[in-house]
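J.: Pasting protein.cif below, which is mmCIF, C-alpha atoms.
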```cif
data_final
loop_
_atom_site.label_atom_id
_atom_site.label_comp_id
_atom_site.auth_asym_id
_atom_site.auth_seq_id
_atom_site.Cartn_x
_atom_site.Cartn_y
_atom_site.Cartn_z
CA MET A 69 -33.80 6.77 -29.79
CA THR A 70 -36.13 9.11 -27.96
CA ALA A 71 -35.42 12.21 -25.87
CA GLY A 72 -34.31 11.52 -22.34
CA ARG A 73 -31.96 8.74 -23.33
CA LEU A 74 -28.18 8.34 -23.23
CA ALA A 75 -26.48 5.49 -25.07
CA LEU A 76 -22.90 4.59 -24.25
CA LEU A 77 -21.55 2.82 -27.33
CA VAL A 78 -18.67 0.42 -26.65
CA THR A 79 -16.74 -1.51 -29.28
CA SER A 80 -13.85 -3.95 -29.45
CA PRO A 81 -10.50 -2.38 -30.38
CA ARG A 82 -9.70 -5.65 -32.15
CA VAL A 83 -12.49 -5.23 -34.71
CA ALA A 84 -12.24 -2.67 -37.51
CA PRO A 85 -14.03 0.60 -36.59
CA GLY A 86 -17.39 0.88 -38.34
CA LEU A 87 -18.09 -2.86 -38.32
CA LEU A 88 -20.96 -2.39 -35.91
CA SER A 89 -23.99 -4.42 -34.90
CA HIS A 90 -27.41 -3.63 -36.36
CA GLN A 91 -28.55 -2.33 -32.96
CA ALA A 92 -25.55 0.02 -32.80
CA TRP A 93 -26.32 1.52 -36.21
CA GLU A 94 -29.98 1.99 -35.26
CA VAL A 95 -28.95 3.85 -32.09
CA LEU A 96 -26.46 5.99 -34.02
CA THR A 97 -28.80 6.97 -36.83
CA GLY A 98 -31.65 7.62 -34.40
CA ALA A 99 -29.65 9.94 -32.15
CA THR A 100 -29.87 13.73 -32.37
CA ARG A 101 -26.37 14.25 -30.99
CA ARG A 102 -23.33 12.01 -31.20
CA LEU A 103 -20.32 12.90 -29.10
CA ALA A 104 -16.75 11.65 -29.09
CA ARG A 105 -13.48 12.62 -27.50
CA SER A 106 -11.69 13.72 -30.67
CA PRO A 107 -11.76 13.35 -34.47
CA GLN A 108 -8.70 11.12 -34.19
CA GLU A 109 -10.59 8.37 -32.38
CA PRO A 110 -10.80 5.35 -34.77
CA LEU A 111 -14.57 4.96 -34.36
CA ALA A 112 -15.13 8.68 -34.85
CA GLU A 113 -13.13 8.61 -38.07
CA ALA A 114 -15.13 5.66 -39.39
CA LEU A 115 -18.50 7.23 -38.59
CA THR A 116 -17.49 10.57 -40.10
CA GLU A 117 -16.57 8.75 -43.31
CA ALA A 118 -20.01 7.11 -43.16
CA GLY A 119 -21.61 10.58 -43.22
CA LEU A 120 -22.66 10.97 -39.58
CA GLU A 121 -22.16 14.31 -37.83
CA LEU A 122 -20.23 14.21 -34.57
CA GLU A 123 -19.39 16.63 -31.77
CA TYR A 124 -16.06 16.55 -29.94
CA VAL A 125 -15.56 17.24 -26.24
CA GLY A 126 -11.78 16.95 -25.86
CA GLU A 127 -10.04 15.62 -22.76
CA LEU A 128 -12.73 16.16 -20.13
CA PRO A 129 -12.29 14.27 -16.83
CA PRO A 130 -14.94 11.57 -16.18
CA PRO A 131 -17.14 13.63 -13.78
CA ALA A 132 -17.30 16.63 -16.15
CA LEU A 133 -17.92 14.42 -19.18
CA ALA A 134 -20.65 12.47 -17.38
CA ARG A 135 -22.36 15.71 -16.33
CA ARG A 136 -22.36 17.04 -19.88
CA LEU A 137 -23.68 13.81 -21.38
CA VAL A 138 -26.49 13.48 -18.86
CA GLU A 139 -27.50 17.15 -19.23
CA LEU A 140 -27.68 16.81 -23.02
CA ALA A 141 -29.65 13.57 -22.76
CA THR A 142 -32.43 15.24 -20.80
CA ALA A 143 -33.51 17.00 -24.00
CA ASP A 144 -32.13 14.90 -26.88
CA PRO A 145 -31.30 11.29 -27.63
CA VAL A 146 -27.52 11.26 -27.19
CA VAL A 147 -24.83 8.73 -28.06
CA TRP A 148 -21.37 8.70 -26.57
CA LEU A 149 -18.80 6.98 -28.79
CA GLY A 150 -16.55 5.00 -26.49
CA SER A 151 -12.89 6.00 -26.71
CA ALA A 152 -10.00 3.71 -27.56
CA ASP A 153 -8.87 3.75 -23.91
CA THR A 154 -12.36 2.48 -22.83
CA ASP A 155 -13.04 5.72 -20.90
CA PRO A 156 -11.93 4.58 -17.43
CA GLY A 157 -14.18 5.94 -14.70
CA LEU A 158 -16.90 7.20 -17.04
CA SER A 159 -19.56 4.58 -16.29
CA ASP A 160 -19.24 5.17 -12.53
CA ALA A 161 -19.38 8.94 -13.08
CA VAL A 162 -22.54 8.60 -15.20
CA ALA A 163 -24.15 6.43 -12.54
CA ALA A 164 -23.33 9.02 -9.87
CA GLU A 165 -24.67 11.84 -12.04
CA VAL A 166 -27.92 10.02 -12.81
CA SER A 167 -28.51 9.06 -9.18
CA ARG A 168 -28.63 12.69 -8.05
CA LEU A 169 -31.41 13.64 -10.51
CA GLU A 170 -35.10 13.33 -9.71
CA THR A 171 -36.00 12.47 -13.32
CA PRO A 172 -32.83 11.23 -14.96
CA PRO A 173 -32.58 10.18 -18.60
CA GLU A 174 -32.54 6.49 -19.41
CA VAL A 175 -28.99 5.20 -19.77
CA GLU A 176 -28.22 2.26 -22.07
CA LEU A 177 -24.99 0.41 -22.73
CA VAL A 178 -24.84 -0.57 -26.40
CA VAL A 179 -22.27 -3.15 -27.50
CA GLY A 180 -21.33 -2.27 -31.05
CA SER A 181 -18.91 -5.12 -31.75
CA TRP A 182 -17.61 -8.23 -30.08
CA ASP A 183 -14.20 -9.87 -30.27
CA VAL A 184 -13.87 -12.73 -32.70
CA GLN A 185 -12.24 -15.88 -31.33
CA GLY A 186 -8.50 -15.34 -31.25
CA GLY A 187 -8.85 -11.58 -30.95
CA ARG A 188 -6.68 -11.45 -27.84
CA LEU A 189 -3.82 -12.92 -29.87
CA LEU A 190 -3.56 -9.51 -31.53
CA ASP A 191 -3.06 -7.97 -28.08
CA ALA A 192 -0.30 -10.49 -27.37
CA VAL A 193 1.44 -9.63 -30.65
CA ALA A 194 1.17 -5.90 -29.88
CA ALA A 195 2.53 -6.37 -26.34
CA MET A 196 5.50 -8.37 -27.62
CA ASP A 197 6.21 -5.73 -30.26
CA ARG A 198 6.26 -3.00 -27.62
CA LEU A 199 8.64 -4.98 -25.43
CA ARG A 200 11.11 -5.39 -28.31
CA SER A 201 10.77 -1.87 -29.74
CA PRO A 202 12.79 1.23 -28.74
CA GLY A 203 11.71 2.37 -25.30
CA GLY A 204 10.57 -1.15 -24.38
CA CYS A 205 12.29 -3.72 -22.17
CA PRO A 206 16.13 -3.74 -22.33
CA TRP A 207 16.28 -7.45 -21.43
CA ASP A 208 13.82 -8.41 -24.16
CA ALA A 209 15.63 -6.21 -26.67
CA GLU A 210 18.92 -8.10 -26.36
CA GLN A 211 17.53 -11.64 -26.66
CA THR A 212 18.29 -13.91 -29.62
CA HIS A 213 16.95 -17.24 -30.88
CA ALA A 214 19.88 -18.96 -29.15
CA SER A 215 19.40 -17.22 -25.80
CA LEU A 216 15.66 -17.93 -25.80
CA GLY A 217 16.01 -21.61 -26.75
CA PRO A 218 16.30 -23.00 -23.19
CA TYR A 219 13.15 -21.14 -22.11
CA LEU A 220 11.12 -22.80 -24.86
CA VAL A 221 12.18 -26.24 -23.62
CA GLU A 222 11.51 -25.32 -19.98
CA GLU A 223 8.06 -23.87 -20.68
CA THR A 224 7.06 -26.96 -22.67
CA TYR A 225 7.87 -29.22 -19.74
CA GLU A 226 5.91 -26.96 -17.41
CA VAL A 227 2.86 -27.47 -19.66
CA LEU A 228 3.34 -31.24 -19.44
CA GLU A 229 3.56 -31.06 -15.65
CA ALA A 230 0.37 -29.00 -15.46
CA ILE A 231 -1.38 -31.58 -17.66
CA GLU A 232 -0.21 -34.40 -15.40
CA HIS A 233 -1.61 -32.54 -12.36
CA GLY A 234 -4.98 -32.16 -14.10
CA ASP A 235 -5.21 -28.41 -13.43
CA PRO A 236 -6.92 -26.69 -16.41
CA ARG A 237 -6.12 -23.21 -15.14
CA ALA A 238 -2.45 -24.04 -14.80
CA VAL A 239 -2.46 -25.62 -18.26
CA ALA A 240 -3.89 -22.42 -19.73
CA GLU A 241 -1.30 -20.28 -17.96
CA GLU A 242 1.62 -22.47 -19.00
CA LEU A 243 0.37 -22.60 -22.60
CA GLY A 244 0.47 -18.80 -22.49
CA ASP A 245 4.16 -19.01 -21.58
CA VAL A 246 4.76 -21.30 -24.58
CA LEU A 247 2.83 -18.85 -26.78
CA LEU A 248 5.07 -16.08 -25.48
CA GLN A 249 8.09 -17.99 -26.74
CA VAL A 250 6.54 -18.31 -30.21
CA LEU A 251 5.73 -14.60 -30.30
CA PHE A 252 9.18 -13.74 -28.94
CA HIS A 253 11.05 -15.78 -31.56
CA ALA A 254 8.90 -14.34 -34.35
CA ARG A 255 9.54 -10.79 -33.14
CA VAL A 256 13.28 -11.45 -32.89
CA ALA A 257 13.18 -12.70 -36.48
CA GLU A 258 11.67 -9.40 -37.65
CA ASP A 259 14.95 -7.72 -36.73
CA ASP A 260 17.02 -10.19 -38.76
CA THR A 261 18.34 -8.13 -41.65
CA ALA A 262 19.53 -11.20 -43.59
CA ASP A 263 16.38 -13.33 -43.68
CA PRO A 264 13.53 -11.78 -41.65
CA PHE A 265 10.10 -13.25 -40.98
CA ASP A 266 7.25 -12.33 -38.64
CA ILE A 267 4.36 -13.88 -36.73
CA ASP A 268 2.16 -13.83 -39.84
CA THR A 269 4.77 -15.91 -41.65
CA VAL A 270 4.69 -18.42 -38.81
CA ALA A 271 0.89 -18.56 -38.75
CA GLY A 272 0.66 -18.75 -42.54
CA LEU A 273 3.07 -21.69 -42.76
CA LEU A 274 1.12 -23.46 -40.03
CA VAL A 275 -2.21 -23.00 -41.79
CA ASP A 276 -0.75 -24.20 -45.08
CA LYS A 277 0.61 -27.32 -43.38
CA LEU A 278 -2.67 -28.09 -41.60
CA VAL A 279 -4.61 -27.83 -44.85
CA ARG A 280 -2.12 -29.98 -46.79
CA ARG A 281 -2.03 -32.72 -44.18
CA HIS A 282 -5.78 -32.88 -43.58
CA PRO A 283 -7.18 -33.56 -47.05
CA HIS A 284 -10.04 -35.50 -45.44
CA VAL A 285 -11.18 -32.20 -43.90
CA PHE A 286 -10.23 -29.51 -46.40
CA THR A 287 -10.31 -31.29 -49.77
CA ASP A 288 -11.31 -34.73 -51.03
CA GLY A 289 -9.39 -37.12 -48.76
CA ASP A 290 -11.21 -40.15 -47.39
CA ALA A 291 -9.45 -40.93 -44.08
CA SER A 292 -12.20 -41.62 -41.54
CA THR A 293 -10.46 -43.19 -38.51
CA PRO A 294 -7.60 -41.95 -36.32
CA ALA A 295 -5.35 -44.72 -37.65
CA GLN A 296 -6.09 -43.77 -41.26
CA VAL A 297 -5.46 -40.10 -40.45
CA GLU A 298 -2.04 -40.98 -38.97
CA GLN A 299 -1.10 -43.04 -42.02
CA GLU A 300 -2.21 -40.30 -44.40
CA TRP A 301 -0.30 -37.69 -42.40
CA GLU A 302 2.81 -39.86 -42.62
CA ARG A 303 2.37 -40.37 -46.37
CA ILE A 304 1.92 -36.65 -47.06
CA LYS A 305 4.84 -35.68 -44.82
CA ALA A 306 7.09 -38.23 -46.54
CA ALA A 307 6.10 -36.85 -49.95
CA GLU A 308 6.88 -33.30 -48.79
CA LYS A 309 10.28 -34.32 -47.46
CA ALA A 310 11.09 -36.27 -50.62
CA ALA A 311 10.21 -33.25 -52.76
CA SER A 312 12.69 -31.16 -50.78
CA GLY A 313 15.46 -33.77 -51.13
CA GLY A 314 15.24 -35.12 -47.57
CA GLU A 315 15.84 -38.68 -46.34
CA TYR A 316 12.67 -38.83 -44.24
CA SER A 317 11.22 -41.96 -45.90
CA ALA A 318 14.45 -43.93 -45.78
CA ASP A 319 15.47 -43.21 -42.19
CA PRO A 320 13.00 -43.22 -39.24
CA LEU A 321 15.51 -41.10 -37.32
CA HIS A 322 15.68 -38.40 -39.97
CA GLY A 323 14.72 -34.95 -38.69
CA ILE A 324 14.58 -35.92 -35.01
CA PRO A 325 16.59 -33.29 -33.09
CA ALA A 326 19.73 -34.61 -31.44
CA ALA A 327 18.84 -32.64 -28.30
CA LEU A 328 15.40 -34.25 -27.96
CA PRO A 329 15.28 -36.24 -24.68
CA ALA A 330 15.91 -39.92 -25.33
CA GLN A 331 12.53 -41.04 -24.01
CA LEU A 332 10.68 -38.63 -26.32
CA ALA A 333 12.92 -39.62 -29.23
CA ALA A 334 12.08 -43.28 -28.58
CA GLU A 335 8.34 -42.56 -28.63
CA LYS A 336 8.66 -40.60 -31.87
CA VAL A 337 10.68 -43.29 -33.64
CA LEU A 338 8.34 -46.07 -32.50
CA ALA A 339 5.37 -44.01 -33.73
CA ARG A 340 7.01 -43.61 -37.13
CA VAL A 341 7.74 -47.33 -37.29
CA ARG A 342 4.11 -48.09 -36.46
CA ARG A 343 2.69 -45.65 -39.02
CA ARG A 344 4.99 -47.02 -41.73
CA ALA A 345 4.06 -50.63 -40.90
CA LEU A 346 7.73 -51.54 -40.33
CA THR A 347 8.73 -54.58 -38.25
CA PRO A 348 11.90 -54.24 -36.12
CA GLY A 349 13.38 -57.40 -34.70
CA GLU A 350 12.10 -58.55 -31.31
CA GLY A 351 15.61 -58.45 -29.88
CA THR A 352 16.04 -54.84 -31.00
CA LEU A 353 12.81 -53.78 -29.31
CA GLU A 354 13.76 -55.62 -26.10
CA ALA A 355 17.16 -53.88 -26.06
CA LEU A 356 15.45 -50.51 -26.47
CA GLN A 357 13.08 -51.24 -23.58
CA ARG A 358 16.01 -52.24 -21.31
CA ALA A 359 17.86 -49.06 -22.22
CA ARG A 360 14.78 -46.94 -21.49
CA THR A 361 14.34 -48.61 -18.10
CA GLU A 362 17.98 -47.93 -17.24
CA LEU A 363 17.56 -44.32 -18.34
CA THR A 364 14.50 -43.90 -16.12
CA LEU A 365 16.43 -45.22 -13.12
CA ALA A 366 19.36 -42.91 -13.90
CA GLU A 367 17.04 -39.91 -14.12
CA GLU A 368 15.50 -40.82 -10.77
CA ARG A 369 18.99 -40.92 -9.19
CA VAL A 370 19.80 -37.51 -10.66
CA ARG A 371 16.58 -36.03 -9.27
CA ALA A 372 17.29 -37.51 -5.85
CA ALA A 373 20.77 -35.99 -5.93
CA LEU A 374 19.31 -32.61 -6.94
CA ARG A 375 16.93 -32.82 -3.97
CA ASP A 376 19.92 -33.39 -1.69
CA VAL A 377 21.75 -30.40 -3.19
CA ALA A 378 18.71 -28.18 -2.70
CA ASP A 379 18.19 -29.33 0.89
CA ASP A 380 21.86 -28.78 1.77
CA ALA A 381 21.80 -25.29 0.20
CA ALA A 382 18.65 -24.35 2.11
CA ALA A 383 20.07 -25.66 5.39
CA GLY A 384 23.30 -23.75 4.91
#
```
Mind converting the file's structure to structure tokens?
T.:
Amino acid sequence: MTAGRLALLVTSPRVAPGLLSHQAWEVLTGATRRLARSPQEPLAEALTEAGLELEYVGELPPPALARRLVELATADPVVWLGSADTDPGLSDAVAAEVSRLETPPEVELVVGSWDVQGGRLLDAVAAMDRLRSPGGCPWDAEQTHASLGPYLVEETYEVLEAIEHGDPRAVAEELGDVLLQVLFHARVAEDDTADPFDIDTVAGLLVDKLVRRHPHVFTDGDASTPAQVEQEWERIKAAEKAASGGEYSADPLHGIPAALPAQLAAEKVLARVRRRALTPGEGTLEALQRARTELTLAEERVRAALRDVADDAAAG
């Protein structure tokens, strides 16, 4: 950096302090003065450990901080280390300060680190932890796996409805509600004194399962078509269940929740039958189709009755 220049260094709070871009390190090492709010700022701690000298300004309001930074930058190359709270109001204050000067220093925004994909998941985990911790939300604090169960079902169906409507924004929002349920259940489990687990346990088990059941991607499997992938998935899952003493291979209904809606249960069983190359009798399949048709008609009657109830309630 040269004299007459002010660099505002911003970083992602979801990336470890000190893991900076090459440009950021060049700006830092080339600056005469490096200022931060306090020695307790994560980035300040990392740079001090790296051997860089820093100056600390304390809790100055944005206008006063902007004035000091701009004044210093008229004589020296200066770097401001962005604070963990992102310094609200500082950029506007710097712009106002620079605009009043006849020969202002050059101001540069330097991005020191970017979020990796999935970085906002860490924010979601942190928000859920705060809601469940002392001083958080009293409603969230009293929830259990059982009390949250109905919400997980409801949110899943709202995702399906958004998909049917073809609204990507709505799909993203509803998927967020499903993610909330996963985070919520994992956070509830942390408080289980008998057999606790956390969100990392959930994610770790998922990754392990994905790797095991995709040998054609992660190891030396040779499935190359969707049909072959389904058959291999079924074979690996059956082997896993057999190793744990389950009856998965012997019974196509094994492991299907009793509360799963009948139409979804039918699709799941038929998929298992197809993947296992089983051949039910024609009469059995016809009976299932008739039952599903009757169920669809019954559901339509229930929905019509619910519409009548809602209309009568609104009219009253």
J.: So, counting all atoms listed in the file, which residue among A:Ala134, A:Glu335, A:Val83, A:Asp259 is closest to Gly186 in chain A?
T.: A:Val83
J.: Would you mind telling me which residue in A:Gly180, A:Pro107, A:Pro81, A:Gly187 lies nearest to Thr154 in chain A when using only C-alpha atoms?
T.: A:Pro81
J.: Using all atoms listed in the file, which protein or nucleic acid residues come within 10 Å of range 218-227 of chain A? Drop anything in the same chain fewer than 4 positions from it, and give the result as a list in words.
T.: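 Here the qualifying residues turn out to be His213, Ala214, Ile231, Glu232, His233, Ala238, Val239, Ala240, Glu241, Glu242, Leu243, Gly244, Asp245, Val246, Leu247, Leu248, Gln249, Val250, His253 and Leu328 of chain A.
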J.: I'd like to know which of A:Ala164, A:Ala114, A:Ala373, A:Leu88 is closest to Pro131 in chain A, using all atoms listed in the file.
T.: A:Ala164
J.: Under the rule of at most 12 Å, produce a per-residue listing of range 323-381 of chain A near range 279-301 of chain A: chain, number, name, the closest pair of atoms, and the distance in Å, as JSON lines, using only C-alpha atoms.
T.:
```
{"residue": "A:Ala339", "atom": "CA", "partner": "A:Glu298", "partner_atom": "CA", "distance": 9.6}
{"residue": "A:Arg340", "atom": "CA", "partner": "A:Gln299", "partner_atom": "CA", "distance": 9.5}
{"residue": "A:Val341", "atom": "CA", "partner": "A:Gln299", "partner_atom": "CA", "distance": 10.9}
{"residue": "A:Arg342", "atom": "CA", "partner": "A:Gln299", "partner_atom": "CA", "distance": 9.1}
{"residue": "A:Arg343", "atom": "CA", "partner": "A:Gln299", "partner_atom": "CA", "distance": 5.5}
{"residue": "A:Arg344", "atom": "CA", "partner": "A:Gln299", "partner_atom": "CA", "distance": 7.3}
{"residue": "A:Ala345", "atom": "CA", "partner": "A:Gln299", "partner_atom": "CA", "distance": 9.2}
```
J.: Select, from A:Leu199, A:Leu190, A:Ala378, A:Leu96, the residue with the minimum atom-to-atom distance to Leu120 in chain A, counting all atoms listed in the file.
T.: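 Closest to Leu120 in chain A, using all atoms listed in the file: A:Leu96.
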J.: To verify the selection step, state as a list in words which residues the PyMOL selection byres ((chain A and resi 145) around 8) yields on this input.
T.: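 Residues picked by the PyMOL selection byres ((chain A and resi 145) around 8): Met69, Thr70, Ala71, Gly72, Arg73, Leu74, Ala75, Gly98, Ala99, Thr100, Arg101, Ala141, Thr142, Ala143, Asp144, Val146 and Val147 of chain A.
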